[in-house]
Every structure is written in C-alpha cells, then in structure tokens.
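Listing of query-v1.tsv, TSV, C-alpha atoms
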```tsv
chain	number	residue	atom	x	y	z
G	1	MET	CA	-138.88	169.74	51.78
G	2	THR	CA	-136.57	172.57	52.70
G	3	HIS	CA	-136.68	175.72	50.62
G	4	PRO	CA	-134.18	175.59	47.71
G	5	ALA	CA	-132.74	178.99	48.65
G	6	ALA	CA	-131.86	177.77	52.14
G	7	VAL	CA	-130.30	174.60	50.72
G	8	LEU	CA	-128.24	176.63	48.24
G	9	VAL	CA	-127.05	179.15	50.83
G	10	ALA	CA	-126.11	176.41	53.30
G	11	HIS	CA	-124.19	174.53	50.62
G	12	LEU	CA	-122.31	177.68	49.56
G	13	ALA	CA	-121.39	178.41	53.17
G	14	LEU	CA	-120.02	174.88	53.42
G	15	LEU	CA	-118.02	175.27	50.19
G	16	SER	CA	-116.69	178.59	51.51
G	17	LEU	CA	-115.15	176.72	54.44
G	18	ILE	CA	-113.85	173.63	52.65
G	19	SER	CA	-112.61	175.05	49.33
G	20	PHE	CA	-108.95	174.95	50.30
G	21	GLY	CA	-106.96	176.33	47.40
G	22	GLY	CA	-109.77	178.61	46.25
G	23	MET	CA	-113.23	178.41	44.75
G	24	PRO	CA	-112.20	177.12	41.30
G	25	GLY	CA	-111.34	173.79	42.94
G	26	VAL	CA	-114.94	173.26	44.05
G	27	LEU	CA	-116.58	174.40	40.81
G	28	PRO	CA	-117.20	170.82	39.65
G	29	ASP	CA	-118.96	170.14	42.96
G	30	LEU	CA	-120.99	173.33	42.67
G	31	HIS	CA	-121.95	172.41	39.11
G	32	ASP	CA	-123.10	168.93	40.18
G	33	PHE	CA	-125.04	170.38	43.07
G	34	VAL	CA	-126.99	173.10	41.27
G	35	VAL	CA	-127.28	171.59	37.78
G	36	THR	CA	-127.31	167.81	38.17
G	37	SER	CA	-128.63	167.14	41.68
G	38	HIS	CA	-131.18	169.92	42.04
G	39	GLY	CA	-131.76	171.11	38.49
G	40	TRP	CA	-132.00	174.75	39.61
G	41	ILE	CA	-130.22	176.03	36.53
G	42	SER	CA	-129.38	174.46	33.18
G	43	ASN	CA	-125.93	173.40	32.13
G	44	GLN	CA	-125.93	176.17	29.52
G	45	ASP	CA	-126.90	178.80	32.11
G	46	PHE	CA	-124.07	177.64	34.35
G	47	ALA	CA	-121.57	177.81	31.48
G	48	ASN	CA	-122.85	181.24	30.44
G	49	SER	CA	-122.66	182.54	34.01
G	50	PHE	CA	-119.09	181.27	34.28
G	51	ALA	CA	-118.09	182.91	30.98
G	52	VAL	CA	-119.74	186.19	31.94
G	53	VAL	CA	-118.07	186.46	35.36
G	54	GLN	CA	-114.68	185.86	33.73
G	55	ALA	CA	-115.36	188.76	31.42
G	56	ILE	CA	-116.59	191.35	33.89
G	57	PRO	CA	-114.58	192.90	36.71
G	58	GLY	CA	-115.37	192.36	40.35
G	59	PRO	CA	-115.19	189.39	42.69
G	60	ASN	CA	-115.89	186.81	40.01
G	61	MET	CA	-116.48	183.67	42.06
G	62	ILE	CA	-118.85	185.60	44.33
G	63	LEU	CA	-120.67	186.91	41.27
G	64	LEU	CA	-120.94	183.36	39.91
G	65	THR	CA	-122.65	182.09	43.05
G	66	SER	CA	-124.78	185.25	43.08
G	67	PHE	CA	-126.08	184.51	39.58
G	68	ILE	CA	-126.96	181.00	40.71
G	69	GLY	CA	-128.78	182.50	43.70
G	70	TRP	CA	-130.53	184.93	41.38
G	71	LYS	CA	-131.90	182.05	39.30
G	72	VAL	CA	-133.06	180.27	42.44
G	73	GLY	CA	-134.74	183.16	44.25
G	74	GLY	CA	-134.14	186.59	42.74
G	75	VAL	CA	-131.96	189.41	44.02
G	76	PRO	CA	-132.36	188.71	47.79
G	77	ILE	CA	-131.08	185.16	47.33
G	78	ALA	CA	-128.30	186.49	45.09
G	79	MET	CA	-127.17	188.65	48.02
G	80	ALA	CA	-127.50	185.78	50.48
G	81	ALA	CA	-125.47	183.58	48.12
G	82	ALA	CA	-122.75	186.25	47.93
G	83	LEU	CA	-122.57	186.55	51.72
G	84	ALA	CA	-122.48	182.77	52.12
G	85	THR	CA	-119.60	182.55	49.63
G	86	PHE	CA	-117.25	184.99	51.33
G	87	GLY	CA	-118.55	185.42	54.90
G	88	PRO	CA	-117.36	182.14	56.43
G	89	SER	CA	-114.03	182.09	54.59
G	90	CYS	CA	-113.26	185.73	55.42
G	91	THR	CA	-114.00	185.21	59.09
G	92	LEU	CA	-111.70	182.21	59.10
G	93	ALA	CA	-108.99	184.08	57.15
G	94	PHE	CA	-109.08	186.95	59.64
G	95	ALA	CA	-108.82	184.68	62.68
G	96	VAL	CA	-106.07	182.50	61.24
G	97	PHE	CA	-104.12	185.50	59.93
G	98	ARG	CA	-104.06	187.16	63.36
G	99	TRP	CA	-102.57	184.00	64.77
G	100	TRP	CA	-100.14	183.44	61.85
G	101	ASP	CA	-98.89	187.03	61.83
G	102	ARG	CA	-97.81	186.81	65.47
G	103	PHE	CA	-95.17	184.25	64.47
G	104	ARG	CA	-94.04	185.89	61.26
G	105	ASP	CA	-90.45	186.31	62.40
G	106	ARG	CA	-90.03	182.74	63.57
G	107	ALA	CA	-87.68	180.55	61.55
G	108	TRP	CA	-90.28	177.81	61.08
G	109	GLN	CA	-92.74	180.21	59.54
G	110	GLN	CA	-90.21	181.80	57.23
G	111	ARG	CA	-89.27	178.33	56.06
G	112	LEU	CA	-92.91	177.36	55.60
G	113	ARG	CA	-93.59	180.55	53.64
G	114	ARG	CA	-90.62	179.92	51.37
G	115	GLY	CA	-91.78	176.36	50.78
G	116	LEU	CA	-95.35	177.46	50.01
G	117	ALA	CA	-94.42	180.20	47.55
G	118	PRO	CA	-93.53	177.92	44.61
G	119	MET	CA	-96.80	175.99	45.12
G	120	THR	CA	-98.69	179.26	44.86
G	121	VAL	CA	-96.93	180.29	41.68
G	122	GLY	CA	-97.64	176.87	40.18
G	123	LEU	CA	-101.28	177.25	41.13
G	124	VAL	CA	-101.55	180.69	39.50
G	125	LEU	CA	-99.87	179.41	36.33
G	126	ALA	CA	-102.14	176.36	36.24
G	127	GLY	CA	-105.20	178.63	36.62
G	128	GLY	CA	-104.10	180.72	33.64
G	129	TYR	CA	-103.34	177.60	31.63
G	130	ALA	CA	-106.77	176.13	32.40
G	131	MET	CA	-108.40	179.37	31.27
G	132	ALA	CA	-106.34	179.38	28.07
G	133	ARG	CA	-107.51	175.84	27.33
G	134	SER	CA	-111.16	176.37	28.24
G	135	GLY	CA	-113.86	176.23	25.60
G	136	ASP	CA	-113.02	175.61	21.97
G	137	VAL	CA	-109.90	177.71	21.60
G	138	GLY	CA	-108.35	177.79	18.14
G	139	PRO	CA	-104.83	178.80	17.10
G	140	ALA	CA	-105.84	182.48	17.04
G	141	GLY	CA	-106.96	182.29	20.67
G	142	VAL	CA	-103.65	180.69	21.64
G	143	ALA	CA	-101.81	183.46	19.78
G	144	VAL	CA	-103.76	186.09	21.76
G	145	THR	CA	-102.82	184.37	25.02
G	146	ILE	CA	-99.13	184.18	24.07
G	147	ALA	CA	-99.11	187.80	22.93
G	148	ALA	CA	-100.71	188.83	26.24
G	149	ILE	CA	-98.03	186.97	28.21
G	150	GLY	CA	-95.30	188.75	26.22
G	151	ILE	CA	-96.87	192.17	26.71
G	152	VAL	CA	-97.37	191.65	30.45
G	153	LEU	CA	-93.76	190.59	30.90
G	154	GLY	CA	-92.12	192.98	28.46
G	155	THR	CA	-94.05	196.24	28.79
G	156	ARG	CA	-95.82	198.38	31.34
G	157	LEU	CA	-98.94	198.64	29.20
G	158	ASN	CA	-102.14	198.75	31.22
G	159	PRO	CA	-103.60	195.21	30.96
G	160	LEU	CA	-107.06	196.69	30.40
G	161	TRP	CA	-105.95	197.36	26.81
G	162	LEU	CA	-105.23	193.67	26.38
G	163	ILE	CA	-108.66	192.75	27.70
G	164	ALA	CA	-110.23	195.27	25.32
G	165	ALA	CA	-108.17	194.00	22.37
G	166	GLY	CA	-109.11	190.38	23.17
G	167	GLY	CA	-112.77	191.35	23.36
G	168	ALA	CA	-112.59	193.27	20.08
G	169	LEU	CA	-110.86	190.39	18.28
G	170	GLY	CA	-113.49	188.03	19.65
G	171	ALA	CA	-116.31	190.34	18.52
G	172	SER	CA	-114.86	190.45	15.00
G	173	GLY	CA	-115.20	186.70	14.82
G	174	LEU	CA	-111.47	186.06	14.38
G	175	LEU	CA	-111.14	183.79	17.40
V	1	MET	CA	-83.63	187.65	55.95
V	2	ALA	CA	-82.02	189.71	58.69
V	3	LEU	CA	-83.98	192.71	57.49
V	4	THR	CA	-87.32	190.96	57.77
V	5	ALA	CA	-88.44	192.64	60.96
V	6	GLU	CA	-87.84	196.12	59.59
V	7	GLU	CA	-89.15	195.31	56.13
V	8	GLU	CA	-92.36	193.88	57.38
V	9	ASN	CA	-92.92	196.45	60.05
V	10	PRO	CA	-96.42	197.58	59.09
V	11	ALA	CA	-96.48	200.95	57.44
V	12	ALA	CA	-98.99	202.41	59.85
V	13	GLU	CA	-99.58	205.36	57.51
V	14	ILE	CA	-101.83	203.32	55.24
V	15	ALA	CA	-105.19	204.92	55.95
V	16	LEU	CA	-108.42	202.95	56.13
V	17	ALA	CA	-109.67	205.03	53.21
V	18	ALA	CA	-106.60	204.03	51.19
V	19	LEU	CA	-107.28	200.35	51.87
V	20	PHE	CA	-110.91	200.81	50.85
V	21	VAL	CA	-110.04	202.68	47.66
V	22	GLY	CA	-107.13	200.41	46.81
V	23	PHE	CA	-109.18	197.25	46.96
V	24	LEU	CA	-112.10	198.96	45.24
V	25	LYS	CA	-109.79	199.73	42.30
V	26	ILE	CA	-108.37	196.21	42.25
V	27	SER	CA	-111.86	194.76	42.12
V	28	MET	CA	-113.20	197.19	39.53
V	29	CYS	CA	-110.27	196.43	37.21
V	30	ALA	CA	-110.27	192.71	37.84
V	31	PHE	CA	-111.23	191.35	34.46
V	32	GLY	CA	-110.48	187.68	34.21
V	33	GLY	CA	-108.60	187.09	37.42
V	34	PRO	CA	-108.08	189.47	40.31
V	35	VAL	CA	-104.57	188.21	41.08
V	36	VAL	CA	-103.28	190.18	38.08
V	37	TRP	CA	-104.71	193.41	39.44
V	38	ALA	CA	-103.96	192.68	43.06
V	39	ARG	CA	-100.26	192.37	42.21
V	40	ARG	CA	-100.31	195.41	39.93
V	41	PHE	CA	-101.80	197.72	42.55
V	42	ILE	CA	-100.36	196.28	45.77
V	43	VAL	CA	-96.81	195.70	44.50
V	44	GLU	CA	-96.29	198.05	41.57
V	45	ARG	CA	-98.45	201.06	42.28
V	46	TYR	CA	-98.91	201.37	46.03
V	47	ARG	CA	-95.81	199.41	47.12
V	48	TRP	CA	-97.63	198.11	50.17
V	49	LEU	CA	-95.75	194.83	49.69
V	50	ASP	CA	-92.83	193.71	47.53
V	51	ASP	CA	-93.11	190.72	45.20
V	52	ARG	CA	-91.81	188.27	47.78
V	53	GLU	CA	-94.13	189.51	50.53
V	54	PHE	CA	-97.01	189.51	48.07
V	55	VAL	CA	-96.42	185.93	47.02
V	56	GLU	CA	-96.12	184.84	50.65
V	57	MET	CA	-99.33	186.62	51.59
V	58	LEU	CA	-101.06	185.17	48.55
V	59	SER	CA	-99.79	181.70	49.51
V	60	PHE	CA	-101.30	182.07	52.92
V	61	CYS	CA	-104.65	183.03	51.41
V	62	GLN	CA	-104.49	180.48	48.63
V	63	PHE	CA	-104.25	177.65	51.11
V	64	LEU	CA	-107.22	178.88	53.06
V	65	PRO	CA	-110.70	178.06	51.77
V	66	GLY	CA	-112.89	180.54	49.94
V	67	PRO	CA	-112.25	183.14	47.25
V	68	ASN	CA	-108.51	183.84	47.52
V	69	ILE	CA	-108.32	187.50	46.68
V	70	VAL	CA	-111.16	188.30	49.04
V	71	SER	CA	-109.14	186.64	51.79
V	72	LEU	CA	-106.11	188.60	50.58
V	73	ALA	CA	-108.06	191.84	51.07
V	74	VAL	CA	-108.98	190.76	54.61
V	75	CYS	CA	-105.41	189.75	55.48
V	76	ILE	CA	-103.70	192.82	54.02
V	77	GLY	CA	-106.26	195.04	55.74
V	78	ALA	CA	-105.63	193.16	59.00
V	79	LYS	CA	-101.85	193.32	58.59
V	80	PHE	CA	-101.78	197.08	58.30
V	81	ARG	CA	-104.81	198.21	60.31
V	82	GLY	CA	-106.26	195.27	62.23
V	83	GLY	CA	-109.97	194.49	62.23
V	84	ALA	CA	-111.00	197.90	60.91
V	85	GLY	CA	-108.50	197.54	58.06
V	86	ALA	CA	-109.84	194.11	57.19
V	87	LEU	CA	-113.38	195.48	57.02
V	88	ALA	CA	-112.32	198.52	54.98
V	89	ALA	CA	-110.45	196.40	52.42
V	90	LEU	CA	-113.26	193.85	52.26
V	91	ALA	CA	-115.93	196.52	51.82
V	92	GLY	CA	-113.87	198.19	49.09
V	93	PHE	CA	-113.40	194.90	47.30
V	94	ILE	CA	-117.01	193.74	47.47
V	95	VAL	CA	-119.77	196.30	47.89
V	96	MET	CA	-119.62	198.50	44.83
V	97	PRO	CA	-117.91	196.01	42.48
V	98	TRP	CA	-120.50	193.38	43.35
V	99	SER	CA	-123.37	195.77	42.62
V	100	VAL	CA	-121.89	196.92	39.32
V	101	GLY	CA	-120.81	193.42	38.31
V	102	PHE	CA	-124.17	191.94	39.19
V	103	ALA	CA	-126.06	194.51	37.13
V	104	ALA	CA	-123.68	194.23	34.17
V	105	GLY	CA	-123.58	190.46	34.35
V	106	ALA	CA	-127.37	190.13	34.56
V	107	LEU	CA	-127.62	192.28	31.44
V	108	LEU	CA	-124.98	190.23	29.61
V	109	LEU	CA	-126.62	186.96	30.61
V	110	SER	CA	-129.82	187.95	28.84
V	111	TYR	CA	-127.76	188.19	25.62
V	112	ALA	CA	-125.49	185.26	26.45
V	113	ASP	CA	-126.66	183.17	23.51
V	114	ALA	CA	-125.82	185.84	20.93
V	115	GLY	CA	-122.86	184.82	18.76
V	116	VAL	CA	-121.05	188.15	19.07
V	117	LEU	CA	-121.11	188.03	22.84
V	118	GLN	CA	-119.75	184.48	22.85
V	119	GLY	CA	-116.92	185.74	20.63
V	120	VAL	CA	-116.20	188.66	22.95
V	121	LEU	CA	-116.15	186.39	25.98
V	122	ARG	CA	-113.80	183.99	24.20
V	123	GLY	CA	-111.45	186.84	23.27
V	124	ILE	CA	-111.44	188.24	26.79
V	125	ALA	CA	-110.77	184.80	28.26
V	126	ALA	CA	-107.82	184.30	25.89
V	127	ALA	CA	-106.29	187.66	26.85
V	128	ALA	CA	-107.05	187.18	30.55
V	129	ALA	CA	-105.36	183.77	30.49
V	130	GLY	CA	-102.22	185.47	29.17
V	131	LEU	CA	-102.41	188.09	31.92
V	132	ILE	CA	-102.65	185.44	34.60
V	133	ILE	CA	-99.77	183.38	33.20
V	134	GLY	CA	-97.65	186.54	32.84
V	135	THR	CA	-98.42	187.51	36.43
V	136	GLY	CA	-97.50	184.01	37.61
V	137	LEU	CA	-94.15	184.33	35.85
V	138	LYS	CA	-93.57	187.74	37.45
V	139	LEU	CA	-94.23	186.20	40.85
V	140	LEU	CA	-91.37	183.80	40.12
V	141	LEU	CA	-88.89	186.67	39.79
V	142	PRO	CA	-88.04	186.98	43.50
V	143	GLN	CA	-87.27	183.26	43.48
V	144	ARG	CA	-85.26	183.18	40.28
V	145	ARG	CA	-81.94	182.49	42.02
V	146	ARG	CA	-83.31	179.48	43.84
V	147	PRO	CA	-83.37	176.50	41.50
V	148	ALA	CA	-85.39	174.48	44.03
V	149	SER	CA	-88.19	177.08	43.97
V	150	LEU	CA	-88.29	177.09	40.19
V	151	LEU	CA	-88.36	173.30	40.17
V	152	PHE	CA	-91.23	173.08	42.64
V	153	ALA	CA	-93.21	175.80	40.86
V	154	ALA	CA	-92.77	173.85	37.61
V	155	LEU	CA	-93.78	170.59	39.27
V	156	ALA	CA	-96.84	172.19	40.87
V	157	PHE	CA	-97.84	173.63	37.50
V	158	ALA	CA	-97.31	170.27	35.78
V	159	GLY	CA	-99.33	168.42	38.40
V	160	LEU	CA	-102.22	170.87	38.51
V	161	GLY	CA	-102.27	172.25	34.99
V	162	LEU	CA	-101.02	169.44	32.77
V	163	ALA	CA	-101.88	166.30	34.72
V	164	LYS	CA	-105.00	167.89	36.27
V	165	LEU	CA	-104.33	166.25	39.62
V	166	PRO	CA	-106.37	167.45	42.62
V	167	LEU	CA	-104.77	170.31	44.55
V	168	LEU	CA	-104.71	168.28	47.74
V	169	ALA	CA	-102.74	165.45	46.13
V	170	VAL	CA	-100.20	167.87	44.63
V	171	VAL	CA	-99.77	169.72	47.92
V	172	ILE	CA	-99.40	166.57	50.02
V	173	VAL	CA	-96.63	165.28	47.77
V	174	LEU	CA	-94.78	168.49	46.91
V	175	LEU	CA	-95.16	170.76	49.93
V	176	PRO	CA	-93.07	168.74	52.41
V	177	LEU	CA	-90.29	168.45	49.81
V	178	SER	CA	-90.54	172.15	48.97
V	179	ILE	CA	-90.32	173.11	52.65
V	180	ALA	CA	-87.37	170.77	53.16
V	181	ALA	CA	-85.59	172.39	50.22
V	182	ALA	CA	-86.45	175.87	51.49
V	183	GLY	CA	-84.79	175.08	54.81
V	184	ARG	CA	-81.61	173.70	53.33
V	185	ASN	CA	-80.54	176.60	51.19
V	186	ALA	CA	-81.57	179.83	52.79
V	187	PRO	CA	-82.15	182.47	50.12
V	188	ALA	CA	-79.50	184.92	49.10
V	189	ALA	CA	-80.52	188.53	49.68
V	190	ALA	CA	-83.99	187.86	48.32
```

structure tokens encoding of this file:
Amino acid sequence: MTHPAAVLVAHLALLSLISFGGMPGVLPDLHDFVVTSHGWISNQDFANSFAVVQAIPGPNMILLTSFIGWKVGGVPIAMAAALATFGPSCTLAFAVFRWWDRFRDRAWQQRLRRGLAPMTVGLVLAGGYAMARSGDVGPAGVAVTIAAIGIVLGTRLNPLWLIAAGGALGASGLL
Amino acid sequence: MALTAEEENPAAEIALAALFVGFLKISMCAFGGPVVWARRFIVERYRWLDDREFVEMLSFCQFLPGPNIVSLAVCIGAKFRGGAGALAALAGFIVMPWSVGFAAGALLLSYADAGVLQGVLRGIAAAAAGLIIGTGLKLLLPQRRRPASLLFAALAFAGLGLAKLPLLAVVIVLLPLSIAAAGRNAPAAA
C-alpha cells in the first residue's frame, strides 16, 4: 500500500488543478477523502481545523490542507501539503494569465470580462452568506454579521476591529 | 472603454519589494477571507487597480482552479512585473503568513474543544461573514448603472448561496446570458 502522505499530497495536487471556482467548492470532496475514505483525521478535527483557519490570518485554504498534512505525517507533510495545494494552480494561473493578458484590449475579452464580473460578485456574496449560516448561528450572530456589513459599507473603520469585536462577543458567550 | 489602454498600462514603478510587502500585509491581515483585505489594500490603499479592474482580475482568478487569492497574487505580480513579480507577490503572500498561521493554528487546535475558543471562533466567523458580504457589495459599485450586471450578480448569489447549486451548473446557465447582456449594452463611462 502506498504511503498515506504520498496519497494525500497527490490528491491535493489534483484538487489544486480541478477546483475551478476556488478551494471551498472541493471541501466536501476533501472531507470525504481524508475523513470518510481514509480515516486520517476525525470529523471533529476537520471541523476544528476549518474553524481555526477561518479565524486566523494567512492563506486559509492552504493552512487547512497543511493541518491535514500535519495530522498525517507531521510538519514535513504539512509543508508538502501546502505546496501541493498552491503549486499546480499557481503555475497554471501564471501561464494562463500571460496568454490572457496579451489579448486584454480585444473586444471579445472586454465583453467576457464584463460578463464574468457579476458571477464573481455573486460568488463572493454567496461565500459570505455560507459563512454567516455555518454552524449553529443564533440571532445575535446574525446581528453581528449585519452590523459588520453596515460598518464595512458605511465607514472606513479598519475591519480588524470588527474581527476583534466579534471574537470578544463570542468569548463572552453572547453568541 | 476608450481609455482602457492607458488605464491598464502597467505602472512599471511598482517595485518587487512593494509587491512582496503588499501581499504579505494582505495575507497577515486576512482574517476570515482574504478577498476583503485584497480589495482594501490593492484598491483602496495602494491603488494598483480600481474596483472594476480588481473585480475583473478576481474573476479571472476565481474561474481558475486553486486558492483564488493566491492566484490573484501571482496574476497581479505577473501583470506589473512578469515572472519575478509573480514570485515576489506569491512569496509575500505565503512564506511568513503560512509559518505564523501554522504555528498559531496548531496552538489553537490543541485548545479547540474549549468552550471559550468555540465562542471566539463563532464570533469571528459572524463578523468575517459580514466583511465578505460588505466587500461583495462594494465590488458591485462599478456596475451599479448596469441593471443586467446587478441582475446576474443577484441570480448567481441566489443559485450558489440560496439554492446551493454547484458552481459549474450556475456558470453554465448564467455566464453565456451574462456575456450576451454585456455585449449588448456597453457600459457608460465605467
């Protein structure tokens, strides 16, 4: 049987190349693969890792796969998991961007870009909505989300204060 | 759109060090969704791109596989400084933030079952969700005079967020219509 670390790294490299629309779209697959199929980490560990990477800065999807790698084979596999998560997709992005940028003034590309933009905004909004609905959010949590939207749109307050306030409210047990 | 060529003429003055530091800051601030911080630094603070250019660049990266904002770092680096720029932005985004995040996260994970920490994480997620939604709404601003764009953004949100349809299904149905609409009414001075 192949070493689990190699299987994990190969699977992450594959997800890196097929996760069109971003890593969140392949999270269910990743969960099935590491929790259900191989039993490398428990469901609770996966959920905790996901919650933690949402709450710390940095490249959060890469950190998520790194924590899975860490459970499988320690820090070296965490690093390999990180590289497998962004290496293939970054190489592809660079190559495709060089090609795409050559045609940036063409009418067809301007039209394509204008058509894509609303999809992207919808995707960002849906991502925020999914996060707002995740876990067992009560009315207080919804109120925090709505307040954060208002503050982002209406003020120039540094959003770090909102993160800190959300964390403090959560720590106090109000949410 | 007549100004596009001049507008998008790469500002060659963006130094490799600036790309490295810029994406380092984005990553180190990126609680709960790097798109919030990418827009804040790239559009508001550094003015490397305006909102429309940012959303178009983000679109390009969002429809590629892999972590989107990492691809955004690569593409913005490449746009301004070629291969070296892509590497500088990528290194800024990943190396130090990954090390710090990994250490902090590993520490947090050993307390992950504590009730207080669960509460903190819930509170941060609630605030971060608001930041992401607010940022999404800001990205709509350059398109606010184009009813078709607003309609397709709303439909994409409804399909993905409310109906929980797969991205591929939503894109296959909506994208051709959105592109058709984008061609018919060229934007006013966007």

### Message
as a list of chain:residue names, please: the residues near V:Val170 (cut-off 8 Å, all atoms listed in the file, same-chain neighbours under 4 positions excluded).
### Response
V:Ala156, V:Gly159, V:Leu160, V:Leu165, V:Pro166, V:Leu174, V:Leu175

### Task
Determine which residues of chain G sit within 6 Å of chain V, taking into account all atoms listed in the file, and present them as a PyMOL selection string.
chain G and resi 16-23+54-58+89-90+93+111-115+117-122+124-126+128+131-132+141+144-145+148-149+152-153+163+166-167+170-171

### Distance in Å - atom CA of G:Thr2 versus atom CA of G:Gln44
25.8 Å

### Task
To one decimal in Å, tell me the separation between atom CA of G:Thr36 and atom CA of G:Tyr129.
26.7 Å

Quick one: what's the axis-aligned box for stretch 153-166 of chain G, all listed atoms, 6 Å on every side, centre and edges in Å to one decimal, as lines of an AutoDock Vina configuration file?
```
center_x = -101.2
center_y = 194.6
center_z = 26.9
size_x = 30.1
size_y = 20.4
size_z = 21.0
```

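Remark: for V:Phe80, the closest of the candidate residues V:Trp48, V:Phe41, V:Ile172, V:Leu141 is V:Trp48 (distances computed over all atoms listed in the file).
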
### Message
Just to confirm, what's the straight-line distance from atom CA of G:Ile62 to atom CA of G:Ala164 in Å (one decimal)?
### Response
23.0 Å

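Nearest to V:Asp50 of all the residues V:Pro142, V:Phe23, V:Ala169, V:Arg81 is V:Pro142, based on only C-alpha atoms.
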
### Query
Can you list, as a VMD selection string, every protein, DNA or RNA residue that comes within 10 Å of G:Val72 when you count all atoms listed in the file, leaving out same-chain residues fewer than 6 positions away?
chain G and resid 4 to 5 8 34 40 to 41 66 78

Preceding selection exported with C-alpha atoms as a PDB file, in the coordinates of the input:
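To be explicit, this is the file written out as out-v9.pdb:
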```pdb
ATOM      1  CA  PRO G   4    -134.180 175.590  47.710  1.00  0.00           C
ATOM      2  CA  ALA G   5    -132.740 178.990  48.650  1.00  0.00           C
ATOM      3  CA  LEU G   8    -128.240 176.630  48.240  1.00  0.00           C
ATOM      4  CA  VAL G  34    -126.990 173.100  41.270  1.00  0.00           C
ATOM      5  CA  TRP G  40    -132.000 174.750  39.610  1.00  0.00           C
ATOM      6  CA  ILE G  41    -130.220 176.030  36.530  1.00  0.00           C
ATOM      7  CA  SER G  66    -124.780 185.250  43.080  1.00  0.00           C
ATOM      8  CA  ALA G  78    -128.300 186.490  45.090  1.00  0.00           C
TER       9      ALA G  78
END
```

### Query
Hey, what's within 8 Å of G:Phe67 if we count only C-alpha atoms and toss same-chain stuff fewer than 2 positions away? As a VMD selection string, please?
(chain G and resid 49 63 to 65 69 to 71 78) or (chain V and resid 102 106)
